[in-house]
file model-v3.pdb (PDB, C-alpha atoms)
MODEL        1
ATOM      1  CA  MET A  28       4.571   8.765  16.586  1.00  0.00           C
ATOM      2  CA  CYS A  29       2.259  10.843  18.760  1.00  0.00           C
ATOM      3  CA  MET A  30      -0.927  10.970  16.699  1.00  0.00           C
ATOM      4  CA  ALA A  31      -2.435  13.894  18.636  1.00  0.00           C
ATOM      5  CA  VAL A  32       0.439  16.208  17.731  1.00  0.00           C
ATOM      6  CA  VAL A  33       0.508  14.977  14.143  1.00  0.00           C
ATOM      7  CA  SER A  34      -3.250  15.565  13.947  1.00  0.00           C
ATOM      8  CA  VAL A  35      -2.712  19.185  14.973  1.00  0.00           C
ATOM      9  CA  GLY A  36      -0.181  19.686  12.188  1.00  0.00           C
ATOM     10  CA  ALA A  37      -2.425  18.032   9.609  1.00  0.00           C
ATOM     11  CA  ALA A  38      -5.461  19.985  10.843  1.00  0.00           C
ATOM     12  CA  LEU A  39      -3.620  23.287  10.458  1.00  0.00           C
ATOM     13  CA  PHE A  40      -3.084  22.574   6.779  1.00  0.00           C
ATOM     14  CA  LEU A  41      -6.565  21.159   6.260  1.00  0.00           C
ATOM     15  CA  PHE A  42      -8.128  24.293   7.745  1.00  0.00           C
ATOM     16  CA  GLN A  43      -5.825  26.437   5.656  1.00  0.00           C
ATOM     17  CA  GLN A  44      -7.261  24.840   2.529  1.00  0.00           C
ATOM     18  CA  LEU A  45     -10.865  24.777   3.779  1.00  0.00           C
ATOM     19  CA  ALA A  46     -10.608  28.545   4.241  1.00  0.00           C
ATOM     20  CA  GLY A  47     -10.609  28.746   0.443  1.00  0.00           C
ATOM     21  CA  ILE A  48      -7.212  30.190  -0.354  1.00  0.00           C
ATOM     22  CA  ASN A  49      -6.322  28.040  -3.321  1.00  0.00           C
ATOM     23  CA  ALA A  50      -9.814  28.164  -4.766  1.00  0.00           C
ATOM     24  CA  VAL A  51      -9.536  31.968  -4.643  1.00  0.00           C
ATOM     25  CA  VAL A  52      -6.033  32.009  -6.119  1.00  0.00           C
ATOM     26  CA  TYR A  53      -6.720  29.431  -8.827  1.00  0.00           C
ATOM     27  CA  TYR A  54      -9.838  31.214 -10.047  1.00  0.00           C
ATOM     28  CA  SER A  55      -8.830  34.825  -9.343  1.00  0.00           C
ATOM     29  CA  THR A  56      -8.259  35.567 -13.016  1.00  0.00           C
ATOM     30  CA  SER A  57     -11.877  34.576 -13.746  1.00  0.00           C
ATOM     31  CA  VAL A  58     -13.102  36.886 -10.977  1.00  0.00           C
ATOM     32  CA  PHE A  59     -10.922  39.694 -12.315  1.00  0.00           C
ATOM     33  CA  ARG A  60     -12.157  39.121 -15.874  1.00  0.00           C
ATOM     34  CA  THR A  61     -15.733  39.396 -14.613  1.00  0.00           C
ATOM     35  CA  ALA A  62     -14.716  42.670 -12.973  1.00  0.00           C
ATOM     36  CA  GLY A  63     -13.430  43.993 -16.282  1.00  0.00           C
ATOM     37  CA  VAL A  64      -9.705  43.406 -15.769  1.00  0.00           C
ATOM     38  CA  ALA A  65      -8.715  42.204 -19.220  1.00  0.00           C
ATOM     39  CA  SER A  66      -5.152  41.159 -18.420  1.00  0.00           C
ATOM     40  CA  ASP A  67      -4.697  37.809 -16.691  1.00  0.00           C
ATOM     41  CA  VAL A  68      -1.080  38.815 -16.073  1.00  0.00           C
ATOM     42  CA  ALA A  69      -2.172  41.969 -14.226  1.00  0.00           C
ATOM     43  CA  ALA A  70      -4.634  39.962 -12.143  1.00  0.00           C
ATOM     44  CA  SER A  71      -2.036  37.358 -11.240  1.00  0.00           C
ATOM     45  CA  ALA A  72       0.528  40.062 -10.464  1.00  0.00           C
ATOM     46  CA  LEU A  73      -1.869  41.828  -8.107  1.00  0.00           C
ATOM     47  CA  VAL A  74      -2.686  38.597  -6.274  1.00  0.00           C
ATOM     48  CA  GLY A  75       1.007  37.703  -6.092  1.00  0.00           C
ATOM     49  CA  ALA A  76       1.940  41.170  -4.838  1.00  0.00           C
ATOM     50  CA  ALA A  77      -0.690  40.945  -2.086  1.00  0.00           C
ATOM     51  CA  ASN A  78       0.724  37.571  -1.073  1.00  0.00           C
ATOM     52  CA  VAL A  79       4.327  38.804  -0.968  1.00  0.00           C
ATOM     53  CA  PHE A  80       3.399  42.005   0.878  1.00  0.00           C
ATOM     54  CA  GLY A  81       1.391  40.132   3.516  1.00  0.00           C
ATOM     55  CA  THR A  82       4.130  37.550   3.993  1.00  0.00           C
ATOM     56  CA  MET A  83       6.697  40.296   4.536  1.00  0.00           C
ATOM     57  CA  ILE A  84       4.476  41.871   7.190  1.00  0.00           C
ATOM     58  CA  ALA A  85       3.879  38.479   8.832  1.00  0.00           C
ATOM     59  CA  SER A  86       7.624  37.793   8.884  1.00  0.00           C
ATOM     60  CA  SER A  87       8.264  40.999  10.780  1.00  0.00           C
ATOM     61  CA  LEU A  88       5.395  40.401  13.237  1.00  0.00           C
ATOM     62  CA  MET A  89       5.706  36.651  13.816  1.00  0.00           C
ATOM     63  CA  ASP A  90       7.784  36.826  16.994  1.00  0.00           C
ATOM     64  CA  LYS A  91       6.414  40.185  18.213  1.00  0.00           C
ATOM     65  CA  GLN A  92       2.687  39.495  17.887  1.00  0.00           C
ATOM     66  CA  GLY A  93       2.712  35.724  18.252  1.00  0.00           C
ATOM     67  CA  ARG A  94       1.418  32.968  16.032  1.00  0.00           C
ATOM     68  CA  LYS A  95      -2.056  32.811  17.566  1.00  0.00           C
ATOM     69  CA  SER A  96      -2.597  36.552  17.119  1.00  0.00           C
ATOM     70  CA  LEU A  97      -1.585  36.336  13.466  1.00  0.00           C
ATOM     71  CA  LEU A  98      -3.912  33.380  12.890  1.00  0.00           C
ATOM     72  CA  ILE A  99      -6.838  35.213  14.507  1.00  0.00           C
ATOM     73  CA  THR A 100      -6.172  38.334  12.433  1.00  0.00           C
ATOM     74  CA  SER A 101      -5.743  36.246   9.306  1.00  0.00           C
ATOM     75  CA  PHE A 102      -8.934  34.202   9.652  1.00  0.00           C
ATOM     76  CA  SER A 103     -10.997  37.272  10.573  1.00  0.00           C
ATOM     77  CA  GLY A 104      -9.754  39.105   7.461  1.00  0.00           C
ATOM     78  CA  MET A 105     -10.391  36.032   5.354  1.00  0.00           C
ATOM     79  CA  ALA A 106     -13.952  35.740   6.720  1.00  0.00           C
ATOM     80  CA  VAL A 107     -14.687  39.407   5.956  1.00  0.00           C
ATOM     81  CA  SER A 108     -13.215  39.150   2.456  1.00  0.00           C
ATOM     82  CA  MET A 109     -15.180  35.985   1.649  1.00  0.00           C
ATOM     83  CA  LEU A 110     -18.357  37.641   2.892  1.00  0.00           C
ATOM     84  CA  LEU A 111     -17.560  40.661   0.700  1.00  0.00           C
ATOM     85  CA  LEU A 112     -17.008  38.353  -2.279  1.00  0.00           C
ATOM     86  CA  SER A 113     -20.257  36.502  -1.605  1.00  0.00           C
ATOM     87  CA  LEU A 114     -22.309  39.672  -1.204  1.00  0.00           C
ATOM     88  CA  SER A 115     -20.755  41.319  -4.253  1.00  0.00           C
ATOM     89  CA  PHE A 116     -22.301  38.590  -6.399  1.00  0.00           C
ATOM     90  CA  THR A 117     -25.756  38.520  -4.783  1.00  0.00           C
ATOM     91  CA  TRP A 118     -26.860  41.846  -3.335  1.00  0.00           C
ATOM     92  CA  LYS A 119     -28.629  43.803  -6.034  1.00  0.00           C
ATOM     93  CA  VAL A 120     -27.709  47.095  -4.364  1.00  0.00           C
ATOM     94  CA  LEU A 121     -24.042  46.190  -4.872  1.00  0.00           C
ATOM     95  CA  ALA A 122     -24.497  45.132  -8.508  1.00  0.00           C
ATOM     96  CA  PRO A 123     -23.000  48.337  -9.963  1.00  0.00           C
ATOM     97  CA  TYR A 124     -19.908  47.777  -7.830  1.00  0.00           C
ATOM     98  CA  SER A 125     -19.701  43.995  -8.007  1.00  0.00           C
ATOM     99  CA  GLY A 126     -16.591  43.932 -10.193  1.00  0.00           C
ATOM    100  CA  PRO A 127     -14.418  46.209  -8.058  1.00  0.00           C
ATOM    101  CA  LEU A 128     -15.767  44.623  -4.849  1.00  0.00           C
ATOM    102  CA  ALA A 129     -14.859  41.159  -6.148  1.00  0.00           C
ATOM    103  CA  VAL A 130     -11.329  42.343  -6.921  1.00  0.00           C
ATOM    104  CA  ILE A 131     -11.015  43.965  -3.487  1.00  0.00           C
ATOM    105  CA  GLY A 132     -12.389  40.825  -1.814  1.00  0.00           C
ATOM    106  CA  THR A 133      -9.966  38.587  -3.694  1.00  0.00           C
ATOM    107  CA  VAL A 134      -6.924  40.727  -2.913  1.00  0.00           C
ATOM    108  CA  LEU A 135      -8.021  41.146   0.718  1.00  0.00           C
ATOM    109  CA  HIS A 136      -8.453  37.385   1.063  1.00  0.00           C
ATOM    110  CA  VAL A 137      -4.959  36.685  -0.262  1.00  0.00           C
ATOM    111  CA  LEU A 138      -3.460  39.458   1.862  1.00  0.00           C
ATOM    112  CA  SER A 139      -5.249  38.209   4.990  1.00  0.00           C
ATOM    113  CA  PHE A 140      -4.128  34.652   4.282  1.00  0.00           C
ATOM    114  CA  SER A 141      -0.517  35.694   3.912  1.00  0.00           C
ATOM    115  CA  LEU A 142      -0.628  37.530   7.252  1.00  0.00           C
ATOM    116  CA  GLY A 143      -1.096  34.326   9.238  1.00  0.00           C
ATOM    117  CA  ALA A 144      -2.949  31.329   7.849  1.00  0.00           C
ATOM    118  CA  GLY A 145      -0.301  30.915   5.150  1.00  0.00           C
ATOM    119  CA  PRO A 146       3.009  31.190   6.992  1.00  0.00           C
ATOM    120  CA  VAL A 147       2.052  30.176  10.540  1.00  0.00           C
ATOM    121  CA  PRO A 148       1.263  26.474   9.901  1.00  0.00           C
ATOM    122  CA  ALA A 149       4.532  25.999   8.021  1.00  0.00           C
ATOM    123  CA  LEU A 150       6.447  27.694  10.813  1.00  0.00           C
ATOM    124  CA  LEU A 151       4.698  25.759  13.567  1.00  0.00           C
ATOM    125  CA  LEU A 152       5.416  22.290  12.204  1.00  0.00           C
ATOM    126  CA  PRO A 153       9.063  22.093  13.273  1.00  0.00           C
ATOM    127  CA  GLU A 154       8.170  23.769  16.571  1.00  0.00           C
ATOM    128  CA  ILE A 155       5.453  21.315  17.639  1.00  0.00           C
ATOM    129  CA  PHE A 156       7.034  18.044  16.531  1.00  0.00           C
ATOM    130  CA  ALA A 157       9.696  16.335  18.607  1.00  0.00           C
ATOM    131  CA  PRO A 158      12.953  15.710  16.725  1.00  0.00           C
ATOM    132  CA  ARG A 159      12.428  11.943  16.676  1.00  0.00           C
ATOM    133  CA  ILE A 160       9.136  12.228  14.744  1.00  0.00           C
ATOM    134  CA  ARG A 161       9.668  15.537  12.950  1.00  0.00           C
ATOM    135  CA  ALA A 162      10.417  14.249   9.426  1.00  0.00           C
ATOM    136  CA  LYS A 163       7.474  11.840   9.278  1.00  0.00           C
ATOM    137  CA  ALA A 164       5.087  14.232  11.024  1.00  0.00           C
ATOM    138  CA  VAL A 165       5.954  17.113   8.700  1.00  0.00           C
ATOM    139  CA  ALA A 166       5.549  14.784   5.709  1.00  0.00           C
ATOM    140  CA  LEU A 167       2.101  13.682   6.898  1.00  0.00           C
ATOM    141  CA  SER A 168       1.034  17.267   7.591  1.00  0.00           C
ATOM    142  CA  LEU A 169       2.207  18.469   4.202  1.00  0.00           C
ATOM    143  CA  GLY A 170       0.532  15.441   2.645  1.00  0.00           C
ATOM    144  CA  MET A 171      -2.743  16.679   4.144  1.00  0.00           C
ATOM    145  CA  HIS A 172      -2.028  20.097   2.668  1.00  0.00           C
ATOM    146  CA  TRP A 173      -1.543  18.796  -0.856  1.00  0.00           C
ATOM    147  CA  ILE A 174      -4.366  16.245  -0.738  1.00  0.00           C
ATOM    148  CA  SER A 175      -6.879  18.825   0.514  1.00  0.00           C
ATOM    149  CA  ASN A 176      -5.553  21.356  -2.019  1.00  0.00           C
ATOM    150  CA  PHE A 177      -6.033  18.799  -4.796  1.00  0.00           C
ATOM    151  CA  VAL A 178      -9.561  17.831  -3.699  1.00  0.00           C
ATOM    152  CA  ILE A 179     -10.721  21.439  -3.352  1.00  0.00           C
ATOM    153  CA  GLY A 180      -9.183  22.373  -6.697  1.00  0.00           C
ATOM    154  CA  LEU A 181     -10.745  19.334  -8.338  1.00  0.00           C
ATOM    155  CA  TYR A 182     -14.280  19.883  -7.044  1.00  0.00           C
ATOM    156  CA  PHE A 183     -14.436  23.676  -6.750  1.00  0.00           C
ATOM    157  CA  LEU A 184     -15.995  24.303 -10.171  1.00  0.00           C
ATOM    158  CA  SER A 185     -18.482  21.449  -9.753  1.00  0.00           C
ATOM    159  CA  VAL A 186     -19.590  22.819  -6.397  1.00  0.00           C
ATOM    160  CA  VAL A 187     -19.835  26.337  -7.861  1.00  0.00           C
ATOM    161  CA  THR A 188     -21.946  24.989 -10.734  1.00  0.00           C
ATOM    162  CA  LYS A 189     -24.264  23.213  -8.311  1.00  0.00           C
ATOM    163  CA  PHE A 190     -24.611  25.893  -5.600  1.00  0.00           C
ATOM    164  CA  GLY A 191     -23.384  29.139  -7.179  1.00  0.00           C
ATOM    165  CA  ILE A 192     -20.250  31.131  -6.442  1.00  0.00           C
ATOM    166  CA  SER A 193     -21.918  33.250  -3.784  1.00  0.00           C
ATOM    167  CA  LYS A 194     -22.898  30.251  -1.651  1.00  0.00           C
ATOM    168  CA  VAL A 195     -19.474  28.677  -2.059  1.00  0.00           C
ATOM    169  CA  TYR A 196     -17.789  31.887  -0.915  1.00  0.00           C
ATOM    170  CA  LEU A 197     -20.279  32.091   1.960  1.00  0.00           C
ATOM    171  CA  GLY A 198     -19.245  28.547   2.921  1.00  0.00           C
ATOM    172  CA  PHE A 199     -15.588  29.581   2.944  1.00  0.00           C
ATOM    173  CA  ALA A 200     -16.535  32.662   5.007  1.00  0.00           C
ATOM    174  CA  SER A 201     -18.307  30.413   7.521  1.00  0.00           C
ATOM    175  CA  ILE A 202     -15.259  28.184   7.860  1.00  0.00           C
ATOM    176  CA  CYS A 203     -13.019  31.234   8.356  1.00  0.00           C
ATOM    177  CA  LEU A 204     -15.410  32.598  10.980  1.00  0.00           C
ATOM    178  CA  LEU A 205     -15.423  29.242  12.765  1.00  0.00           C
ATOM    179  CA  LEU A 206     -11.611  29.178  12.726  1.00  0.00           C
ATOM    180  CA  PHE A 207     -11.519  32.765  14.004  1.00  0.00           C
ATOM    181  CA  CYS A 208     -13.785  31.811  16.921  1.00  0.00           C
ATOM    182  CA  THR A 209     -11.841  28.697  17.954  1.00  0.00           C
TER     183      THR A 209
ENDMDL
END
call {"tool": "encode", "arguments": {"input": "model-v3.pdb", "output": "structure tokens"}}
result
Amino acid sequence: MCMAVVSVGAALFLFQQLAGINAVVYYSTSVFRTAGVASDVAASALVGAANVFGTMIASSLMDKQGRKSLLITSFSGMAVSMLLLSLSFTWKVLAPYSGPLAVIGTVLHVLSFSLGAGPVPALLLPEIFAPRIRAKAVALSLGMHWISNFVIGLYFLSVVTKFGISKVYLGFASICLLLFCT
């Protein structure tokens, strides 16, 4: 099996998780509660609707705009939304608006993710792997996805407790910015 190609597939899913998507999705109801949205169902529905809407747009643009363009757009939107989330919790001037800004940042992050960073890696896997290694390479790449998802989900609250939510979101923003620039 060509390890370089498999590494690309695994890296795509690792970066997807390091951009903070599942941490944002898993804890979106807490962010929404802080913002005054009492219904966890409403919060989850809004996040889900943003995801579906973005995926529909990505599906229609995938072959027209290209995968790289969608990834660049996606990671730039994710960086901006994470920065918005981080600042909404720390800048005193934004304190009166922190709840709505956190909701906007969360929805924007999910929407941006679903425009490229979500669907593109899954679409690229069968395209970059030769037929003779495809099954094992896809399995290894998806294994990276689920392992990194598990680790981030497991340690997210501990890291937030240690460093604060604003710094964690700033870390995700930095990773998204780095991915945008590469």
call {"tool": "residues_around", "arguments": {"input": "model-v3.pdb", "residues": "region 145-157 of chain A", "least_positions_apart": "5", "cutoff": "7 Å", "atoms": "all atoms listed in the file", "output": "ChimeraX atom specification"}}
result
/A:32,36,39-40,94,140,164-165
call {"tool": "closest_residue", "arguments": {"input": "model-v3.pdb", "among": "A:Leu112, A:Cys29, A:Leu88, A:Ala144", "to": "Gln43 (chain A)", "atoms": "all atoms listed in the file"}}
result
A:Ala144
call {"tool": "closest_residue", "arguments": {"input": "model-v3.pdb", "among": "A:Met30, A:Lys189, A:Leu128, A:Ala37", "to": "Ala166 (chain A)", "atoms": "all atoms listed in the file"}}
result
A:Ala37
call {"tool": "closest_residue", "arguments": {"input": "model-v3.pdb", "among": "A:Ile131, A:Met83, A:Ile99, A:Ala62", "to": "Leu206 (chain A)", "atoms": "all atoms listed in the file"}}
result
A:Ile99
call {"tool": "resolve_selection", "arguments": {"input": "model-v3.pdb", "expression": "the PyMOL selection byres ((chain A and resi 57) around 12)", "output": "VMD selection string"}}
result
chain A and resid 50 to 56 58 to 68 70 to 71 126 129 to 130 133 184 192
call {"tool": "resolve_selection", "arguments": {"input": "model-v3.pdb", "expression": "the PyMOL selection byres ((chain A and resi 105) around 12)", "output": "MDAnalysis selection string"}}
result
chainID A and resid 43:48 51 97:104 106:112 131:145 196:207
call {"tool": "closest_residue", "arguments": {"input": "model-v3.pdb", "among": "A:Ser193, A:Gln92, A:Leu167, A:Asn49", "to": "Ser115 (chain A)", "atoms": "all atoms listed in the file"}}
result
A:Ser193
call {"tool": "atom_distance", "arguments": {"input": "model-v3.pdb", "atom1": "CA of Ile179 (chain A)", "atom2": "CA of Ile84 (chain A)"}}
result
27.6 Å
call {"tool": "atom_distance", "arguments": {"input": "model-v3.pdb", "atom1": "CA of Arg159 (chain A)", "atom2": "CA of Ser34 (chain A)"}}
result
16.3 Å
call {"tool": "atom_distance", "arguments": {"input": "model-v3.pdb", "atom1": "CA of Val120 (chain A)", "atom2": "CA of Ser185 (chain A)"}}
result
27.8 Å
call {"tool": "closest_residue", "arguments": {"input": "model-v3.pdb", "among": "A:Met171, A:Ala77, A:Ala85, A:Leu181", "to": "Phe42 (chain A)", "atoms": "only C-alpha atoms"}}
result
A:Met171
call {"tool": "decode", "arguments": {"input": "model-v3.pdb", "residues": "region 65-177 of chain A", "atoms": "C-alpha atoms", "output": "short mmCIF file (atom, residue, chain, number, x, y, z; two decimals), in the first residue's frame"}}
result
data_model
loop_
_atom_site.label_atom_id
_atom_site.label_comp_id
_atom_site.auth_asym_id
_atom_site.auth_seq_id
_atom_site.Cartn_x
_atom_site.Cartn_y
_atom_site.Cartn_z
CA ALA A 65 -33.78 27.37 26.20
CA SER A 66 -34.64 24.54 23.82
CA ASP A 67 -31.91 21.99 23.13
CA VAL A 68 -34.08 20.68 20.30
CA ALA A 69 -34.17 24.12 18.65
CA ALA A 70 -30.41 24.45 19.00
CA SER A 71 -29.78 21.02 17.52
CA ALA A 72 -32.26 21.69 14.71
CA LEU A 73 -30.53 24.94 13.79
CA VAL A 74 -27.11 23.28 13.72
CA GLY A 75 -28.50 20.37 11.70
CA ALA A 76 -30.24 22.71 9.25
CA ALA A 77 -27.00 24.64 8.71
CA ASN A 78 -25.22 21.36 8.03
CA VAL A 79 -27.83 20.14 5.54
CA PHE A 80 -28.04 23.51 3.78
CA GLY A 81 -24.26 23.77 3.41
CA THR A 82 -23.98 20.19 2.16
CA MET A 83 -26.63 20.85 -0.48
CA ILE A 84 -24.70 23.90 -1.68
CA ALA A 85 -21.43 21.95 -1.68
CA SER A 86 -23.05 19.15 -3.69
CA SER A 87 -24.08 21.58 -6.39
CA LEU A 88 -20.68 23.31 -6.47
CA MET A 89 -18.34 20.33 -6.08
CA ASP A 90 -17.64 19.78 -9.78
CA LYS A 91 -18.08 23.43 -10.84
CA GLN A 92 -15.84 25.11 -8.26
CA GLY A 93 -13.47 22.25 -7.53
CA ARG A 94 -12.53 20.50 -4.33
CA LYS A 95 -9.60 22.78 -3.47
CA SER A 96 -11.73 25.91 -3.83
CA LEU A 97 -14.39 24.46 -1.53
CA LEU A 98 -11.77 23.49 1.05
CA ILE A 99 -10.24 26.99 0.99
CA THR A 100 -13.66 28.61 1.36
CA SER A 101 -14.60 26.17 4.10
CA PHE A 102 -11.47 26.60 6.22
CA SER A 103 -11.55 30.39 5.86
CA GLY A 104 -15.17 30.48 7.05
CA MET A 105 -14.34 28.11 9.88
CA ALA A 106 -11.40 30.30 10.95
CA VAL A 107 -13.57 33.44 10.97
CA SER A 108 -16.36 31.71 12.89
CA MET A 109 -13.96 30.31 15.50
CA LEU A 110 -12.42 33.75 15.92
CA LEU A 111 -15.92 35.20 16.34
CA LEU A 112 -16.71 32.54 18.94
CA SER A 113 -13.46 33.21 20.79
CA LEU A 114 -13.92 36.98 20.80
CA SER A 115 -17.57 36.75 21.82
CA PHE A 116 -16.47 35.19 25.10
CA THR A 117 -13.56 37.54 25.86
CA TRP A 118 -13.98 41.04 24.48
CA LYS A 119 -15.79 43.14 27.05
CA VAL A 120 -17.16 45.42 24.34
CA LEU A 121 -18.96 42.40 22.86
CA ALA A 122 -20.31 41.20 26.22
CA PRO A 123 -23.86 42.49 25.61
CA TYR A 124 -23.93 40.57 22.34
CA SER A 125 -21.98 37.49 23.38
CA GLY A 126 -24.97 35.15 23.30
CA PRO A 127 -26.17 35.97 19.78
CA LEU A 128 -22.56 36.16 18.51
CA ALA A 129 -21.86 32.69 19.93
CA VAL A 130 -24.94 31.31 18.18
CA ILE A 131 -23.95 33.00 14.91
CA GLY A 132 -20.37 31.72 15.26
CA THR A 133 -21.56 28.17 15.92
CA VAL A 134 -23.97 28.12 12.99
CA LEU A 135 -21.40 29.77 10.70
CA HIS A 136 -18.79 27.19 11.71
CA VAL A 137 -21.11 24.28 10.91
CA LEU A 138 -22.23 25.90 7.65
CA SER A 139 -18.63 26.59 6.61
CA PHE A 140 -17.63 23.04 7.48
CA SER A 141 -20.42 21.58 5.40
CA LEU A 142 -19.38 23.67 2.39
CA GLY A 143 -16.07 21.84 2.00
CA ALA A 144 -14.19 20.40 4.95
CA GLY A 145 -17.04 17.98 5.62
CA PRO A 146 -17.88 16.51 2.22
CA VAL A 147 -14.61 16.96 0.31
CA PRO A 148 -12.45 14.47 2.26
CA ALA A 149 -15.10 11.76 1.96
CA LEU A 150 -15.42 12.42 -1.76
CA LEU A 151 -11.68 12.49 -2.35
CA LEU A 152 -10.91 9.13 -0.77
CA PRO A 153 -12.13 6.95 -3.64
CA GLU A 154 -10.60 9.39 -6.13
CA ILE A 155 -7.05 9.34 -4.72
CA PHE A 156 -6.71 5.65 -3.89
CA ALA A 157 -5.92 3.09 -6.56
CA PRO A 158 -8.49 0.28 -6.81
CA ARG A 159 -6.06 -2.31 -5.45
CA ILE A 160 -5.61 -0.44 -2.14
CA ARG A 161 -8.89 1.46 -1.96
CA ALA A 162 -10.71 -0.63 0.67
CA LYS A 163 -7.81 -0.73 3.14
CA ALA A 164 -6.81 2.89 2.51
CA VAL A 165 -10.36 4.16 3.03
CA ALA A 166 -10.62 2.07 6.20
CA LEU A 167 -7.38 3.53 7.56
CA SER A 168 -8.44 7.08 6.67
CA LEU A 169 -11.83 6.67 8.28
CA GLY A 170 -10.12 5.07 11.27
CA MET A 171 -8.13 8.29 11.66
CA HIS A 172 -11.39 10.23 11.46
CA TRP A 173 -13.05 8.28 14.26
CA ILE A 174 -9.97 8.06 16.48
CA SER A 175 -9.32 11.81 16.26
CA ASN A 176 -13.04 12.49 16.77
CA PHE A 177 -13.00 10.30 19.88
#
